[in-house]
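Working notes, beginning with the structure itself.
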Amino acid sequence: MARTGLTVERLTLAAAEMADEVGFENVTVSALARRFGVKDASLYFHLRSAQELRVRVAVLALAEMADRAADALAGRAGMDALVAFANAYRDYAIGHPGRYAAAQLQLDRETAEASAARRHAEMTRAILRGYQLAEPDQTDAVRLLHSTFHGYVSLERAGGFRHTPRTTDATWSRTLDALDALLRNWPPR
């Protein structure tokens, strides 16, 4: 029988909060059960497996990131859109490190297509249309942006930029300037 108050949504949100507190890799069914003061078996009434819980947190994180990015992009184009999108991405990663890690989880094709991952790609492609990039250059640019954003945020979160007095915000701003310049002057094939 289901424990009063426990729902898949409540468990997913609690797991996401836990991920931000202790790291996504430390979110387990046992740890979540302890948080609710129940036995592990109680959670399996709502979840098929620990992997399902991980996937649910990833899907939640992708949706939250997409919502923030969409709000940031509203009414913007060109470099304004690029900066708004990038800042939404970075702010989410810094503010929700465990959820951000979850969003990097490799999803099966069906789950990925049903998730907000598609919205991320659509928003990125909309930004790139402002730079007049067509295929296959658009796909290359999507990969470049994601690699740059993810790489920067990952290094920043790991303390990889502490060796210099220049602020990470200043470097981030220059990185976005450089991406804008590259996108405006995309090399011909």
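Each chain in the structure tokens gets a letter, A, B, ..., in the order shown, and its residues are numbered from 1; ligands are numbered from 1 in order too.
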
May I have the residues within 9 Å of A:Tyr89 as a ChimeraX atom specification, using only C-alpha atoms and disregarding those fewer than 3 positions away in the same chain?
/A:65-66,68-69,84-86,92-94,149-150,153

From a DSSP pass on the backbone, collect the residues of stretch 38-73 of chain A flagged as helix (DSSP H, G or I) and hand them back as a list of chain:residue names.
A:Asp40, A:Ala41, A:Ser42, A:Leu43, A:Ala50, A:Gln51, A:Glu52, A:Leu53, A:Arg54, A:Val55, A:Arg56, A:Val57, A:Ala58, A:Val59, A:Leu60, A:Ala61, A:Leu62, A:Ala63, A:Glu64, A:Met65, A:Ala66, A:Asp67, A:Arg68, A:Ala69, A:Ala70, A:Asp71, A:Ala72, A:Leu73

Output of the above residues as a short mmCIF file (atom, residue, chain, number, x, y, z; two decimals), in the first residue's frame, restricted to N, CA, C and O atoms:
data_model
loop_
_atom_site.label_atom_id
_atom_site.label_comp_id
_atom_site.auth_asym_id
_atom_site.auth_seq_id
_atom_site.Cartn_x
_atom_site.Cartn_y
_atom_site.Cartn_z
N ASP A 40 13.21 1.27 2.35
CA ASP A 40 13.45 1.31 0.90
C ASP A 40 12.26 0.74 0.12
O ASP A 40 11.86 1.28 -0.90
N ALA A 41 11.75 -0.37 0.63
CA ALA A 41 10.66 -1.06 -0.07
C ALA A 41 9.44 -0.16 -0.28
O ALA A 41 8.71 -0.31 -1.27
N SER A 42 9.23 0.79 0.62
CA SER A 42 8.09 1.71 0.48
C SER A 42 8.19 2.54 -0.80
O SER A 42 7.18 2.90 -1.39
N LEU A 43 9.42 2.86 -1.20
CA LEU A 43 9.60 3.69 -2.39
C LEU A 43 9.37 2.90 -3.67
O LEU A 43 9.01 3.46 -4.70
N ALA A 50 16.23 2.16 -9.02
CA ALA A 50 17.05 3.34 -8.76
C ALA A 50 17.31 4.09 -10.06
O ALA A 50 17.36 5.32 -10.08
N GLN A 51 17.46 3.35 -11.16
CA GLN A 51 17.69 4.00 -12.46
C GLN A 51 16.50 4.86 -12.85
O GLN A 51 16.67 5.95 -13.39
N GLU A 52 15.29 4.40 -12.58
CA GLU A 52 14.11 5.22 -12.89
C GLU A 52 14.17 6.53 -12.11
O GLU A 52 13.84 7.60 -12.66
N LEU A 53 14.58 6.46 -10.85
CA LEU A 53 14.70 7.68 -10.05
C LEU A 53 15.71 8.63 -10.67
O LEU A 53 15.46 9.83 -10.81
N ARG A 54 16.86 8.11 -11.08
CA ARG A 54 17.90 8.93 -11.71
C ARG A 54 17.37 9.58 -12.99
O ARG A 54 17.61 10.77 -13.23
N VAL A 55 16.67 8.81 -13.79
CA VAL A 55 16.12 9.34 -15.05
C VAL A 55 15.09 10.42 -14.75
O VAL A 55 15.06 11.47 -15.41
N ARG A 56 14.25 10.20 -13.76
CA ARG A 56 13.23 11.20 -13.42
C ARG A 56 13.87 12.52 -12.97
O ARG A 56 13.40 13.59 -13.32
N VAL A 57 14.96 12.44 -12.22
CA VAL A 57 15.66 13.66 -11.80
C VAL A 57 16.27 14.34 -13.03
O VAL A 57 16.20 15.58 -13.17
N ALA A 58 16.83 13.57 -13.93
CA ALA A 58 17.40 14.14 -15.16
C ALA A 58 16.33 14.85 -15.99
O ALA A 58 16.54 15.97 -16.46
N VAL A 59 15.19 14.22 -16.15
CA VAL A 59 14.10 14.81 -16.94
C VAL A 59 13.59 16.08 -16.26
O VAL A 59 13.33 17.10 -16.94
N LEU A 60 13.47 16.07 -14.95
CA LEU A 60 13.07 17.27 -14.20
C LEU A 60 14.08 18.39 -14.44
O LEU A 60 13.70 19.54 -14.73
N ALA A 61 15.36 18.08 -14.32
CA ALA A 61 16.40 19.10 -14.49
C ALA A 61 16.37 19.68 -15.91
O ALA A 61 16.49 20.90 -16.08
N LEU A 62 16.21 18.83 -16.90
CA LEU A 62 16.14 19.32 -18.29
C LEU A 62 14.95 20.26 -18.46
O LEU A 62 15.07 21.30 -19.13
N ALA A 63 13.82 19.93 -17.87
CA ALA A 63 12.64 20.79 -17.97
C ALA A 63 12.86 22.13 -17.27
O ALA A 63 12.52 23.19 -17.80
N GLU A 64 13.44 22.08 -16.07
CA GLU A 64 13.71 23.33 -15.35
C GLU A 64 14.67 24.22 -16.13
O GLU A 64 14.45 25.43 -16.24
N MET A 65 15.72 23.63 -16.66
CA MET A 65 16.69 24.40 -17.44
C MET A 65 16.04 25.00 -18.68
O MET A 65 16.29 26.17 -19.03
N ALA A 66 15.21 24.22 -19.36
CA ALA A 66 14.54 24.71 -20.57
C ALA A 66 13.60 25.86 -20.24
O ALA A 66 13.54 26.85 -20.98
N ASP A 67 12.88 25.75 -19.13
CA ASP A 67 11.98 26.83 -18.73
C ASP A 67 12.75 28.12 -18.45
O ASP A 67 12.35 29.20 -18.88
N ARG A 68 13.86 27.99 -17.75
CA ARG A 68 14.67 29.18 -17.45
C ARG A 68 15.27 29.78 -18.72
O ARG A 68 15.30 31.00 -18.87
N ALA A 69 15.75 28.93 -19.59
CA ALA A 69 16.33 29.43 -20.85
C ALA A 69 15.25 30.11 -21.70
O ALA A 69 15.50 31.18 -22.27
N ALA A 70 14.08 29.51 -21.78
CA ALA A 70 12.99 30.10 -22.57
C ALA A 70 12.61 31.48 -22.02
O ALA A 70 12.40 32.43 -22.79
N ASP A 71 12.50 31.57 -20.71
CA ASP A 71 12.19 32.87 -20.09
C ASP A 71 13.27 33.90 -20.40
O ASP A 71 12.98 35.06 -20.70
N ALA A 72 14.52 33.47 -20.34
CA ALA A 72 15.64 34.39 -20.61
C ALA A 72 15.69 34.83 -22.06
O ALA A 72 16.08 35.96 -22.36
N LEU A 73 15.29 33.94 -22.97
CA LEU A 73 15.37 34.24 -24.40
C LEU A 73 14.24 35.12 -24.92
O LEU A 73 14.38 35.72 -25.99
#

What's the separation between atom CA of A:Asp180 and atom CA of A:Ser147, in Å to one decimal place?
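Pair atom CA of A:Asp180 / atom CA of A:Ser147 returns 14.9 Å.
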
All residues 9 Å or closer to A:Glu21, only C-alpha atoms, same chain fewer than 3 positions away omitted, as a short mmCIF file (atom, residue, chain, number, x, y, z; two decimals) with N, CA and C atoms, in the first residue's frame:
data_model
loop_
_atom_site.label_atom_id
_atom_site.label_comp_id
_atom_site.auth_asym_id
_atom_site.auth_seq_id
_atom_site.Cartn_x
_atom_site.Cartn_y
_atom_site.Cartn_z
N ALA A 16 15.93 15.40 -6.38
CA ALA A 16 16.62 16.52 -7.02
C ALA A 16 17.24 17.44 -5.98
N GLU A 17 16.49 17.71 -4.91
CA GLU A 17 17.02 18.55 -3.83
C GLU A 17 18.22 17.87 -3.19
N MET A 18 18.11 16.56 -2.99
CA MET A 18 19.22 15.80 -2.42
C MET A 18 20.44 15.87 -3.33
N PHE A 24 24.68 14.30 -7.29
CA PHE A 24 23.78 13.38 -7.99
C PHE A 24 24.22 11.93 -7.82
N HIS A 96 22.22 24.79 -9.07
CA HIS A 96 21.69 23.44 -8.88
C HIS A 96 22.69 22.42 -9.39
N PRO A 97 23.83 22.30 -8.71
CA PRO A 97 24.89 21.43 -9.24
C PRO A 97 24.49 19.97 -9.40
N GLY A 98 23.71 19.45 -8.49
CA GLY A 98 23.30 18.05 -8.60
C GLY A 98 22.30 17.83 -9.73
#

May I ask for the distance between atom CA of A:Ala14 and atom CA of A:Ala117, given in Å to one decimal place?
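Taking atom CA of A:Ala14 and atom CA of A:Ala117, their separation equals 21.7 Å.
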
Between atom CA of A:Ala181 and atom CA of A:Thr167, measure the distance and give it in Å to one decimal.
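If I compute the distance from atom CA of A:Ala181 to atom CA of A:Thr167, I get 21.5 Å.
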
Nearest candidate to A:Met123 (options A:Arg109, A:Arg76, A:Arg184, A:Arg162; using only C-alpha atoms):
A:Arg76

Determine the nearest neighbour of A:Leu133 from the options A:Leu13, A:Leu182, A:Val22, A:Leu6, counting only C-alpha atoms.
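Checking each of A:Leu13, A:Leu182, A:Val22, A:Leu6 against A:Leu133, counting only C-alpha atoms, the winner is A:Leu182.
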
How close does stretch 88-184 of chain A get to stretch 27-39 of chain A? List, as a Markdown table, each residue of stretch 88-184 of chain A within 12 Å, its nearest atom pair and the distance in Å to one decimal, counting only C-alpha atoms.
| residue | atom | partner | partner_atom | distance |
| --- | --- | --- | --- | --- |
| A:Gly98 | CA | A:Val27 | CA | 9.2 |
| A:Arg99 | CA | A:Val27 | CA | 10.8 |
| A:Ala101 | CA | A:Val27 | CA | 11.5 |
| A:Ala102 | CA | A:Val27 | CA | 10.2 |

All residues 12 Å or closer to A:Leu145, only C-alpha atoms, same chain fewer than 6 positions away omitted, as number ranges by chain:
A: 82-83, 85-86, 89, 120-121, 123-125, 127-128, 138-139, 151-152, 175-176, 178-180, 182-183

For the residues selected in the previous step, produce a file with N, CA, C and O atoms as a short mmCIF file (atom, residue, chain, number, x, y, z; two decimals), in the first residue's frame.
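The result, stored in selection.cif:
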data_model
loop_
_atom_site.label_atom_id
_atom_site.label_comp_id
_atom_site.auth_asym_id
_atom_site.auth_seq_id
_atom_site.Cartn_x
_atom_site.Cartn_y
_atom_site.Cartn_z
N LEU A 82 22.14 34.88 -27.34
CA LEU A 82 23.24 33.99 -26.99
C LEU A 82 23.64 34.18 -25.53
O LEU A 82 23.78 33.21 -24.78
N VAL A 83 23.81 35.42 -25.10
CA VAL A 83 24.23 35.71 -23.73
C VAL A 83 23.14 35.29 -22.74
O VAL A 83 23.44 34.68 -21.70
N PHE A 85 20.83 32.97 -23.08
CA PHE A 85 20.78 31.51 -23.05
C PHE A 85 21.96 30.95 -22.25
O PHE A 85 21.79 30.11 -21.37
N ALA A 86 23.14 31.44 -22.55
CA ALA A 86 24.35 30.96 -21.87
C ALA A 86 24.30 31.26 -20.38
O ALA A 86 24.66 30.41 -19.56
N TYR A 89 21.92 28.90 -18.60
CA TYR A 89 22.58 27.59 -18.49
C TYR A 89 23.58 27.60 -17.33
O TYR A 89 23.55 26.73 -16.46
N HIS A 120 15.75 22.31 -25.65
CA HIS A 120 17.09 22.90 -25.60
C HIS A 120 17.66 23.03 -27.01
O HIS A 120 18.19 24.08 -27.39
N ALA A 121 17.55 21.96 -27.77
CA ALA A 121 18.07 21.96 -29.14
C ALA A 121 17.34 22.99 -30.00
O ALA A 121 17.95 23.72 -30.77
N MET A 123 15.80 25.73 -29.02
CA MET A 123 16.19 27.10 -28.62
C MET A 123 17.58 27.44 -29.14
O MET A 123 17.80 28.56 -29.62
N THR A 124 18.49 26.49 -29.06
CA THR A 124 19.84 26.74 -29.57
C THR A 124 19.80 26.99 -31.06
O THR A 124 20.44 27.93 -31.57
N ARG A 125 19.02 26.21 -31.79
CA ARG A 125 18.91 26.39 -33.24
C ARG A 125 18.24 27.73 -33.58
O ARG A 125 18.61 28.38 -34.56
N ILE A 127 18.54 30.48 -31.83
CA ILE A 127 19.61 31.47 -31.66
C ILE A 127 20.50 31.48 -32.89
O ILE A 127 20.85 32.54 -33.42
N LEU A 128 20.86 30.30 -33.37
CA LEU A 128 21.79 30.19 -34.50
C LEU A 128 21.18 30.67 -35.81
O LEU A 128 21.89 31.15 -36.68
N GLN A 138 24.92 24.45 -38.68
CA GLN A 138 24.11 24.67 -37.49
C GLN A 138 24.34 23.56 -36.45
O GLN A 138 24.49 23.83 -35.26
N THR A 139 24.39 22.32 -36.92
CA THR A 139 24.65 21.20 -36.00
C THR A 139 26.03 21.35 -35.37
O THR A 139 26.20 21.13 -34.16
N GLY A 151 31.82 22.73 -20.74
CA GLY A 151 33.23 22.71 -20.34
C GLY A 151 33.56 23.83 -19.38
O GLY A 151 34.22 23.61 -18.35
N TYR A 152 33.10 25.02 -19.67
CA TYR A 152 33.38 26.16 -18.81
C TYR A 152 32.78 25.95 -17.42
O TYR A 152 33.46 26.11 -16.40
N THR A 175 34.37 35.03 -23.17
CA THR A 175 34.09 33.78 -23.89
C THR A 175 32.84 33.96 -24.76
O THR A 175 32.83 33.55 -25.93
N LEU A 176 31.82 34.59 -24.20
CA LEU A 176 30.59 34.82 -24.98
C LEU A 176 30.84 35.82 -26.11
O LEU A 176 30.29 35.66 -27.21
N ALA A 178 33.64 36.07 -27.71
CA ALA A 178 34.37 35.30 -28.72
C ALA A 178 33.44 34.37 -29.49
O ALA A 178 33.56 34.23 -30.72
N LEU A 179 32.48 33.75 -28.78
CA LEU A 179 31.51 32.89 -29.48
C LEU A 179 30.66 33.70 -30.44
O LEU A 179 30.41 33.26 -31.57
N ASP A 180 30.23 34.87 -30.02
CA ASP A 180 29.44 35.74 -30.90
C ASP A 180 30.25 36.10 -32.15
O ASP A 180 29.74 36.02 -33.27
N LEU A 182 32.73 34.46 -33.48
CA LEU A 182 32.87 33.25 -34.30
C LEU A 182 31.58 32.96 -35.07
O LEU A 182 31.62 32.68 -36.27
N LEU A 183 30.45 33.04 -34.40
CA LEU A 183 29.18 32.74 -35.06
C LEU A 183 28.87 33.76 -36.17
O LEU A 183 28.29 33.39 -37.20
#

Among the residues A:Thr171, A:Asn87, A:Gln132, A:Ser154, the one that comes closest to A:Gln104 [using only C-alpha atoms]:
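Going through A:Thr171, A:Asn87, A:Gln132, A:Ser154 one by one, the smallest distance to A:Gln104 is for A:Ser154.
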
Among listed residues A:Ala103, A:Gly159, A:Thr111, A:Arg129, nearest A:Gly78 (using only C-alpha atoms)
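Using only C-alpha atoms, A:Gly78 sits closest to A:Arg129.
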